[in-house]
$ cat coords.txt   # compact mmCIF, C-alpha atoms
# COMPACT_ATOMS: atom_id res chain seq x y z
CA ILE A 295 35.27 -58.89 74.35
CA ALA A 296 35.30 -60.35 77.88
CA VAL A 297 31.51 -60.52 77.73
CA ASN A 298 31.22 -61.58 74.10
CA GLY A 299 34.38 -63.12 72.68
CA ARG A 300 32.64 -64.13 69.45
CA ALA A 301 31.89 -60.59 68.23
CA ALA A 302 34.19 -59.97 65.25
CA GLU A 303 33.46 -56.25 65.14
CA LEU A 304 34.83 -55.82 68.66
CA PHE A 305 38.17 -57.30 67.60
CA ILE A 306 38.21 -54.90 64.64
CA PHE A 307 37.57 -51.95 66.95
CA ARG A 308 40.28 -53.04 69.35
CA GLY A 309 42.63 -53.79 66.45
CA ASN A 310 42.21 -50.21 65.24
CA ALA A 311 42.89 -48.95 68.76
CA TYR A 312 46.10 -51.00 68.92
CA TYR A 313 47.08 -49.74 65.45
CA TYR A 314 46.74 -46.05 66.34
CA LYS A 315 48.52 -46.69 69.63
CA GLY A 316 51.46 -48.14 67.68
CA ASP A 317 51.04 -51.72 68.91
CA TYR A 318 50.96 -53.21 65.42
CA ARG A 319 51.52 -56.84 66.37
CA SER A 320 48.50 -56.82 68.67
CA ALA A 321 46.52 -55.11 65.91
CA VAL A 322 47.38 -57.92 63.48
CA GLY A 323 46.30 -60.47 66.05
CA ASP A 324 42.90 -58.85 66.57
CA PHE A 325 42.26 -58.33 62.85
CA GLU A 326 43.09 -61.95 62.09
CA ARG A 327 40.89 -63.09 64.97
CA ALA A 328 38.02 -61.06 63.50
CA VAL A 329 38.38 -62.83 60.16
CA MET A 330 38.40 -66.23 61.87
CA LEU A 331 35.15 -65.33 63.62
CA GLU A 332 33.55 -63.77 60.56
CA PRO A 333 35.06 -64.98 57.25
CA ARG A 334 32.78 -62.63 55.31
CA ALA A 335 34.78 -59.71 56.75
CA ALA A 336 38.00 -60.97 55.13
CA ALA A 337 37.93 -58.61 52.14
CA ALA A 338 37.30 -55.54 54.31
CA VAL A 339 39.86 -56.48 56.96
CA ALA A 340 42.63 -57.64 54.59
CA PRO A 341 43.97 -54.10 53.95
CA MET A 342 44.06 -53.47 57.72
CA ILE A 343 46.07 -56.64 58.27
CA ALA A 344 48.46 -55.76 55.44
CA GLN A 345 49.07 -52.26 56.81
CA ALA A 346 49.52 -53.45 60.39
CA LYS A 347 52.00 -56.10 59.24
CA ALA A 348 53.92 -53.54 57.18
CA MET A 349 54.15 -51.21 60.18
CA SER A 350 55.14 -54.08 62.43
CA ASP A 351 57.95 -54.94 60.01
CA ILE A 352 59.66 -51.56 60.50
CA THR A 353 59.15 -51.13 64.26
CA PRO A 354 60.92 -50.91 66.52
CA VAL A 355 63.86 -49.35 64.67
CA PRO A 356 67.18 -51.04 65.48
CA GLU A 357 69.53 -48.94 67.60
CA LYS A 358 72.43 -49.58 65.26
CA ILE A 359 72.42 -49.51 61.46
CA SER A 360 75.76 -49.23 59.71
CA ASN A 361 76.66 -45.82 58.30
CA THR A 362 77.47 -47.44 54.97
CA THR A 363 73.92 -48.82 54.75
CA ILE A 364 72.38 -45.51 55.79
CA ARG A 365 74.40 -43.53 53.23
CA ALA A 366 73.71 -45.93 50.36
CA SER A 367 69.99 -45.95 51.04
CA LEU A 368 69.82 -42.17 51.48
CA THR A 369 71.67 -41.64 48.19
CA ALA A 370 68.98 -43.62 46.39
CA SER A 371 66.11 -41.83 48.13
CA LEU A 372 67.66 -38.43 47.35
CA GLU A 373 67.79 -39.43 43.69
CA ALA A 374 64.12 -40.37 43.97
CA ASN A 375 63.41 -36.96 45.48
CA ASN A 376 65.01 -35.25 42.49
CA LEU A 377 62.83 -37.31 40.18
CA VAL A 378 59.70 -36.34 42.12
CA ILE A 379 60.69 -32.66 41.80
CA SER A 380 61.23 -33.13 38.07
CA ARG A 381 57.82 -34.78 37.83
CA SER A 382 56.22 -31.72 39.52
CA VAL A 383 57.92 -29.34 37.08
CA MET A 384 56.76 -31.47 34.14
CA ALA A 385 53.19 -31.43 35.43
CA LEU A 386 53.37 -27.65 35.92
CA ASN A 387 54.58 -27.25 32.35
CA LYS A 388 51.77 -29.55 31.16
CA GLU A 389 54.13 -32.03 29.50
CA PRO A 390 52.67 -35.24 28.00
CA GLN A 391 51.27 -37.68 30.54
CA THR A 392 53.38 -40.50 29.11
CA LYS A 393 56.56 -38.60 29.99
CA ILE A 394 55.30 -37.84 33.49
CA GLU A 395 54.42 -41.49 34.07
CA ALA A 396 57.88 -42.57 32.91
CA VAL A 397 59.49 -40.32 35.53
CA GLU A 398 57.07 -41.60 38.17
CA LYS A 399 58.13 -45.15 37.36
CA GLN A 400 61.80 -44.20 37.74
CA ALA A 401 61.07 -42.54 41.09
CA HIS A 402 59.25 -45.60 42.42
CA ALA A 403 62.15 -47.80 41.32
CA LYS A 404 64.65 -45.60 43.17
CA ILE A 405 62.51 -45.66 46.32
CA ASP A 406 62.29 -49.45 46.13
CA GLU A 407 66.07 -49.54 45.77
CA ALA A 408 66.53 -47.32 48.82
CA LEU A 409 64.24 -49.46 50.97
CA LYS A 410 65.81 -52.69 49.78
CA ILE A 411 69.10 -51.37 51.16
CA ASN A 412 67.56 -50.04 54.38
CA LYS A 413 63.88 -50.56 55.18
CA TYR A 414 64.21 -48.07 58.04
CA ASN A 415 64.87 -45.12 55.72
CA ALA A 416 62.13 -42.66 56.74
CA HIS A 417 63.13 -40.26 53.98
CA ALA A 418 62.27 -42.89 51.35
CA TYR A 419 58.78 -43.42 52.78
CA SER A 420 58.25 -39.66 52.91
CA ILE A 421 59.29 -39.25 49.27
CA ARG A 422 56.96 -42.07 48.25
CA GLY A 423 54.21 -40.32 50.19
CA SER A 424 54.79 -37.11 48.23
CA LEU A 425 54.78 -39.06 44.96
CA TYR A 426 51.50 -40.79 45.83
CA LYS A 427 50.05 -37.41 46.77
CA ALA A 428 51.05 -36.00 43.37
CA GLN A 429 49.35 -39.01 41.77
CA ASN A 430 46.24 -38.30 43.88
CA LYS A 431 46.57 -41.66 45.67
CA LEU A 432 45.88 -40.06 49.02
CA ASP A 433 45.26 -43.17 51.13
CA LEU A 434 48.56 -44.64 49.99
CA ALA A 435 50.30 -41.33 50.69
CA ILE A 436 48.95 -41.27 54.25
CA PHE A 437 50.23 -44.79 54.83
CA GLU A 438 53.73 -43.86 53.62
CA TYR A 439 53.89 -40.83 55.91
CA SER A 440 52.66 -43.02 58.76
CA LYS A 441 55.64 -45.32 58.17
CA ALA A 442 57.98 -42.33 58.20
CA ILE A 443 56.44 -41.19 61.50
CA ALA A 444 56.82 -44.66 63.02
CA ILE A 445 60.56 -44.53 62.24
CA GLU A 446 61.11 -40.83 63.04
CA PRO A 447 58.39 -39.81 65.52
CA LYS A 448 60.13 -36.51 66.33
CA GLU A 449 60.36 -35.24 62.73
CA ILE A 450 57.64 -32.59 62.40
CA ASN A 451 57.62 -32.53 58.58
CA HIS A 452 56.18 -36.04 58.43
CA TYR A 453 53.21 -34.87 60.52
CA LYS A 454 52.88 -31.72 58.42
CA TYR A 455 52.64 -33.61 55.13
CA ARG A 456 50.21 -36.16 56.53
CA ALA A 457 48.08 -33.37 58.02
CA GLU A 458 47.89 -31.69 54.61
CA ILE A 459 46.45 -34.83 53.06
CA TYR A 460 43.99 -35.34 55.91
CA ALA A 461 42.86 -31.73 55.48
CA GLU A 462 42.56 -32.14 51.71
CA GLY A 463 40.20 -35.05 52.35
CA LYS A 464 38.36 -32.93 54.96
CA ASN A 465 39.40 -35.39 57.68
CA TYR A 466 39.94 -32.44 59.99
CA PRO A 467 40.16 -34.24 63.37
CA PHE A 468 43.13 -36.31 62.16
CA ALA A 469 44.74 -33.26 60.54
CA LEU A 470 44.40 -31.24 63.74
CA ALA A 471 45.83 -34.13 65.75
CA ASP A 472 48.95 -34.16 63.55
CA LEU A 473 49.31 -30.39 63.83
CA ALA A 474 48.97 -30.64 67.62
CA LYS A 475 51.80 -33.17 67.56
CA MET A 476 53.92 -30.68 65.61
CA THR A 477 53.47 -27.98 68.26
CA GLU A 478 54.12 -30.55 70.98
CA ILE A 479 57.48 -31.37 69.37
CA ASP A 480 58.27 -27.75 68.50
CA PRO A 481 56.07 -25.10 70.17
CA LYS A 482 57.67 -22.44 67.95
CA SER A 483 56.72 -24.12 64.68
CA ASN A 484 54.77 -21.38 62.91
CA GLN A 485 53.87 -23.81 60.12
CA ALA A 486 51.61 -25.75 62.48
CA TYR A 487 49.71 -22.59 63.42
CA LEU A 488 49.42 -21.54 59.75
CA ASP A 489 48.07 -24.92 58.71
CA ARG A 490 45.66 -24.98 61.64
CA ALA A 491 44.42 -21.51 60.63
CA ARG A 492 43.83 -22.80 57.10
CA ILE A 493 41.74 -25.70 58.43
CA TYR A 494 39.68 -23.44 60.67
CA SER A 495 39.16 -21.07 57.74
CA ASP A 496 37.92 -23.97 55.58
CA GLN A 497 35.50 -24.85 58.37
CA LYS A 498 34.30 -21.21 58.52
CA LYS A 499 35.68 -20.94 62.07
CA ASP A 500 37.09 -17.51 61.38
CA ASP A 501 37.77 -16.48 64.97
CA LEU A 502 39.81 -19.62 65.61
CA ALA A 503 41.73 -19.06 62.36
CA TYR A 504 42.45 -15.47 63.38
CA ALA A 505 43.73 -16.65 66.77
CA GLU A 506 46.15 -19.11 65.13
CA LEU A 507 47.48 -16.41 62.80
CA THR A 508 47.93 -14.10 65.76
CA LYS A 509 50.11 -16.78 67.36
CA VAL A 510 52.30 -16.73 64.24
CA ILE A 511 52.81 -12.99 64.74
CA GLU A 512 53.48 -13.42 68.46
CA LEU A 513 56.22 -15.96 67.67
CA ALA A 514 57.98 -13.47 65.36
CA PRO A 515 56.59 -9.92 65.81
CA LYS A 516 59.33 -8.42 63.62
CA ASP A 517 58.67 -10.79 60.72
CA ALA A 518 56.47 -9.32 57.97
CA PHE A 519 55.18 -12.73 56.88
CA GLY A 520 52.75 -13.24 59.76
CA TYR A 521 51.06 -9.88 59.23
CA GLY A 522 50.63 -10.67 55.54
CA MET A 523 48.99 -14.02 56.27
CA ARG A 524 46.62 -12.49 58.82
CA ALA A 525 45.80 -9.67 56.40
CA SER A 526 44.95 -12.23 53.71
CA HIS A 527 42.57 -13.96 56.13
CA LEU A 528 40.92 -10.65 57.05
CA MET A 529 40.54 -9.70 53.39
CA ARG A 530 38.68 -12.94 52.69
CA ARG A 531 36.37 -12.18 55.62
CA GLY A 532 35.71 -8.67 54.29
CA ASP A 533 37.28 -7.09 57.38
CA LEU A 534 39.09 -4.48 55.30
CA GLU A 535 40.06 -2.01 58.01
CA ARG A 536 41.88 -4.53 60.17
CA ALA A 537 43.37 -6.00 57.00
CA ILE A 538 44.90 -2.69 55.88
CA ALA A 539 46.44 -2.21 59.33
CA ASP A 540 48.21 -5.56 59.00
CA LEU A 541 49.20 -4.85 55.39
CA ASN A 542 50.72 -1.51 56.32
CA THR A 543 52.68 -3.18 59.14
CA GLN A 544 53.85 -5.87 56.74
CA LEU A 545 55.05 -3.32 54.19
CA THR A 546 56.71 -1.24 56.88
CA LEU A 547 58.71 -4.28 57.96
CA ASP A 548 59.31 -5.38 54.36
CA PRO A 549 58.74 -2.52 51.88
CA LYS A 550 59.70 -4.74 48.94
CA SER A 551 57.11 -7.47 49.64
CA ASP A 552 55.38 -8.18 46.33
CA PHE A 553 52.81 -10.30 48.21
CA GLY A 554 52.00 -7.33 50.46
CA MET A 555 51.79 -4.88 47.55
CA SER A 556 49.51 -7.21 45.60
CA MET A 557 47.12 -7.58 48.55
CA ARG A 558 47.12 -3.86 49.29
CA CYS A 559 46.30 -3.29 45.61
CA GLU A 560 43.25 -5.53 46.13
CA TYR A 561 42.31 -3.48 49.21
CA TYR A 562 42.51 -0.21 47.30
CA ASN A 563 40.46 -1.71 44.46
CA LYS A 564 37.73 -2.64 46.92
CA LYS A 565 37.84 0.92 48.27
CA GLY A 566 37.74 2.44 44.75
CA ASN A 567 41.13 4.11 45.18
CA TYR A 568 42.42 2.96 41.81
CA ALA A 569 45.39 5.33 41.63
CA ALA A 570 46.85 3.86 44.85
CA ALA A 571 45.94 0.36 43.66
CA LEU A 572 47.80 0.89 40.38
CA LYS A 573 50.98 1.91 42.20
CA ASP A 574 50.97 -1.21 44.40
CA CYS A 575 49.96 -3.70 41.70
CA THR A 576 52.50 -2.35 39.22
CA GLY A 577 55.18 -2.49 41.91
CA ALA A 578 54.34 -6.14 42.60
CA VAL A 579 54.30 -7.02 38.88
CA ALA A 580 57.72 -5.39 38.45
CA LYS A 581 59.19 -7.77 41.07
CA ASP A 582 58.41 -10.61 38.65
CA GLY A 583 58.05 -13.13 41.46
CA PHE A 584 56.84 -16.64 40.72
CA LEU A 585 53.01 -16.58 40.84
CA THR A 586 52.92 -13.31 42.83
CA ALA A 587 53.56 -11.30 39.65
CA ASP A 588 50.73 -13.12 37.87
CA ASN A 589 48.36 -12.59 40.80
CA ALA A 590 49.26 -8.90 40.93
CA MET A 591 48.67 -8.53 37.19
CA PHE A 592 45.35 -10.36 37.57
CA GLU A 593 44.33 -7.85 40.26
CA ARG A 594 45.59 -4.96 38.11
CA VAL A 595 42.96 -5.83 35.50
CA THR A 596 40.35 -4.70 38.04
CA THR A 597 42.38 -1.52 38.62
CA TYR A 598 42.50 -0.69 34.92
CA ILE A 599 38.75 -1.32 34.60
CA GLY A 600 38.20 1.12 37.48
CA LEU A 601 40.40 3.67 35.71
CA LYS A 602 38.52 3.03 32.42
CA LYS A 603 41.78 1.99 30.76
CA TYR A 604 40.22 -0.96 28.99
CA ASP A 605 43.02 -1.51 26.47
CA LEU A 606 45.54 -1.92 29.29
CA ALA A 607 43.16 -4.23 31.16
CA LEU A 608 42.79 -6.42 28.07
CA ALA A 609 46.56 -6.39 27.50
CA ASP A 610 47.08 -7.80 31.01
CA VAL A 611 44.51 -10.54 30.34
CA VAL A 612 46.26 -11.48 27.08
CA THR A 613 49.63 -11.61 28.85
CA LEU A 614 48.21 -13.84 31.59
CA GLU A 615 46.63 -16.15 29.00
CA LYS A 616 50.05 -16.60 27.41
CA ARG A 617 51.71 -17.29 30.76
CA ASN A 618 49.09 -19.95 31.51
CA MET A 619 49.41 -19.69 35.31
CA ILE A 620 45.92 -18.32 36.09
CA ALA A 621 42.86 -20.50 35.43
CA ALA A 622 41.50 -19.87 31.95
CA ASP A 623 37.89 -19.54 33.15
CA GLU A 624 38.89 -16.79 35.60
CA LEU A 625 40.59 -14.88 32.79
CA THR A 626 37.46 -15.27 30.67
CA VAL A 627 35.48 -13.70 33.52
CA LYS A 628 37.92 -10.78 33.48
CA ARG A 629 37.30 -10.39 29.74
CA GLY A 630 33.58 -10.32 30.49
CA LEU A 631 34.06 -7.62 33.15
CA ILE A 632 36.01 -5.47 30.68
CA LEU A 633 33.22 -5.84 28.10
CA LYS A 634 30.56 -5.14 30.73
CA ALA A 635 32.33 -1.93 31.79
CA GLN A 636 32.41 -0.87 28.12
CA GLY A 637 28.65 -1.37 27.87
CA LYS A 638 28.95 -4.40 25.58
CA LYS A 639 26.40 -6.46 27.48
CA ALA A 640 25.83 -9.18 24.88
CA ASP A 641 29.56 -9.85 24.51
CA ALA A 642 30.01 -9.74 28.27
CA LYS A 643 27.22 -12.27 28.75
CA ALA A 644 28.79 -14.58 26.18
CA ALA A 645 32.12 -14.38 28.05
CA PHE A 646 30.51 -15.21 31.40
CA GLU A 647 28.63 -18.12 29.82
CA ALA A 648 31.87 -19.42 28.27
CA ALA A 649 33.60 -19.23 31.66
CA LEU A 650 30.75 -21.11 33.34
CA LYS A 651 30.74 -23.74 30.62
CA SER A 652 34.49 -24.21 31.08
CA ASN A 653 34.09 -24.46 34.85
CA PRO A 654 30.53 -24.94 36.17
CA LYS A 655 31.81 -24.12 39.68
CA ASN A 656 32.99 -20.62 38.74
CA GLU A 657 31.07 -18.52 41.26
CA ASN A 658 32.11 -15.18 39.74
CA ALA A 659 30.70 -16.10 36.33
CA ALA A 660 27.48 -17.38 37.88
CA LYS A 661 27.13 -14.22 39.95
CA GLU A 662 27.61 -11.94 36.93
CA LEU A 663 25.08 -13.89 34.85
CA ALA A 664 22.55 -13.81 37.67
CA ALA A 665 22.94 -10.03 37.91
CA MET A 666 22.30 -9.67 34.16
CA LYS A 667 18.94 -11.41 34.30
CA PRO A 668 15.97 -9.00 33.79
$ encode --input "coords.txt" --output "structure tokens"
Amino acid sequence: IAVNGRAAELFIFRGNAYYYKGDYRSAVGDFERAVMLEPRAAAAVAPMIAQAKAMSDITPVPEKISNTTIRASLTASLEANNLVISRSVMALNKEPQTKIEAVEKQAHAKIDEALKINKYNAHAYSIRGSLYKAQNKLDLAIFEYSKAIAIEPKEINHYKYRAEIYAEGKNYPFALADLAKMTEIDPKSNQAYLDRARIYSDQKKDDLAYAELTKVIELAPKDAFGYGMRASHLMRRGDLERAIADLNTQLTLDPKSDFGMSMRCEYYNKKGNYAAALKDCTGAVAKDGFLTADNAMFERVTTYIGLKKYDLALADVVTLEKRNMIAADELTVKRGLILKAQGKKADAKAAFEAALKSNPKNENAAKELAAMKP
């Protein structure tokens, strides 16, 4: 800029640097200067100016806000939170979109009410971020979490939620930066290591993912959870022997873990030890845990196929179809596998084709069809 003070793009670059540094007023100044120099950039720069001004409006946070104001605003944002939870339950139960949108509108109104009372209510911005995320408005969600962070820079959950959205959009450098901030604030936050492992796994950086999961175990060596998460990672990699060691440790520490039993059932299925698999999967199903019971029953279909108990395998598929928690195309693949094992090749092929038509990205259906080609 010292050399060429007429270059609009340089002011945009510096404005972004100011923005990420938290100097929002200087960012606004540079963005507006860029538009003065290059009016054609106005449309592109306008959102940057709006965001920088919004951030500037809530920073720095006043040292003193009356308790009455804080309580009144928090009451409204807590009501909004309850509405967002209700919206999630409605979506899970596949209720009509019109009803879901009505609850969303109520939640937004409550958030607006909370922020009208106290614009420094970080909880309200965080709840609005979660609502935008549920509505798949990810850029808006990131902005809301950024506001929450500006007000409460030591609250690790704000970084966690923003990192999740960055990761969902495959913006991994920003996600990792937020997770690094979490461990800087709280070095014993196992959630940061778990989320970092998930990102590395998505990037096929399996050794780095394994190292992060090992840190989770090191933080709490007597906690079964860490061993289960590392075992899950190893199972996906096909490293079955190290996986079973972790699963056995998990179930030694927590013999009633339905998650552990379900995964060990999968291990035994892969090894062809269907009798042992049946014991673990049935044990996990009996726990009737949310989602874990369905996943265990889904895995038990493979067990019953291995045991040639096709009627029981089909009964599990029918039960899962009624529960509507497992993707329909995956259940159709299971139907195809039952038919294939029974020697009903034409019916099996039709099932795999139906699954692929329902979801063209279903790799299992595609794999089975490819194997059936002469």
$ residues_around --input "coords.txt" --residues "Ile459 of chain A" --least-positions-apart "4" --cutoff "10 Å" --atoms "only C-alpha atoms" --output "NGL selection string"
:A and (423-424 or 427 or 430 or 432-433 or 435-436 or 439 or 454-455 or 463-466 or 468-469)
$ closest_residue --input "coords.txt" --among "A:Glu657, A:Asp588, A:Glu398, A:Glu506" --to "Asn375 of chain A" --atoms "all atoms listed in the file"
A:Glu398
$ closest_residue --input "coords.txt" --among "A:Ala622, A:Ala660, A:Ala401, A:Ala335" --to "Tyr426 of chain A" --atoms "all atoms listed in the file"
A:Ala401
$ residues_around --input "coords.txt" --residues "Glu560 of chain A" --least-positions-apart "3" --cutoff "7 Å" --atoms "all atoms listed in the file" --output "number ranges by chain"
A: 556-557, 563-564, 571, 593
$ closest_residue --input "coords.txt" --among "A:Thr597, A:Thr477, A:Thr546, A:Ser551" --to "Tyr568 of chain A" --atoms "all atoms listed in the file"
A:Thr597
$ residues_around --input "coords.txt" --residues "Val397 of chain A" --least-positions-apart "3" --cutoff "10 Å" --atoms "all atoms listed in the file" --output "list in words"
Ala374, Leu377, Val378, Ile379, Ser380, Arg381, Met384, Gln391, Thr392, Lys393, Ile394, Gln400, Ala401, His402 and Ala403 of chain A
$ atom_distance --input "coords.txt" --atom1 "atom CA of Arg300 of chain A" --atom2 "atom CA of Ala328 of chain A"
8.6 Å
$ residues_around --input "coords.txt" --residues "Pro447 of chain A" --least-positions-apart "2" --cutoff "12 Å" --atoms "all atoms listed in the file" --output "number ranges by chain"
A: 316, 353-355, 416, 439-445, 449-453, 472, 475-476, 478-479
$ atom_distance --input "coords.txt" --atom1 "atom CA of Gln497 of chain A" --atom2 "atom CA of Ile511 of chain A"
21.9 Å
$ residues_around --input "coords.txt" --residues "segment 600-616 of chain A" --least-positions-apart "5" --cutoff "8 Å" --atoms "all atoms listed in the file" --output "VMD selection string"
chain A and resid 563 566 568 to 569 588 591 to 592 594 to 595 622 625 628 to 629 632 635 to 636
$ closest_residue --input "coords.txt" --among "A:Ala621, A:Ile421, A:Ile411, A:Ala385" --to "Ile359 of chain A" --atoms "all atoms listed in the file"
A:Ile411
$ atom_distance --input "coords.txt" --atom1 "atom CA of Tyr313 of chain A" --atom2 "atom CA of Gln429 of chain A"
26.1 Å
$ closest_residue --input "coords.txt" --among "A:Ala461, A:Ala338, A:Ala570, A:Met349" --to "Tyr318 of chain A" --atoms "all atoms listed in the file"
A:Met349
$ closest_residue --input "coords.txt" --among "A:Leu633, A:Val627, A:Leu507, A:Val383" --to "Asn653 of chain A" --atoms "all atoms listed in the file"
A:Val627
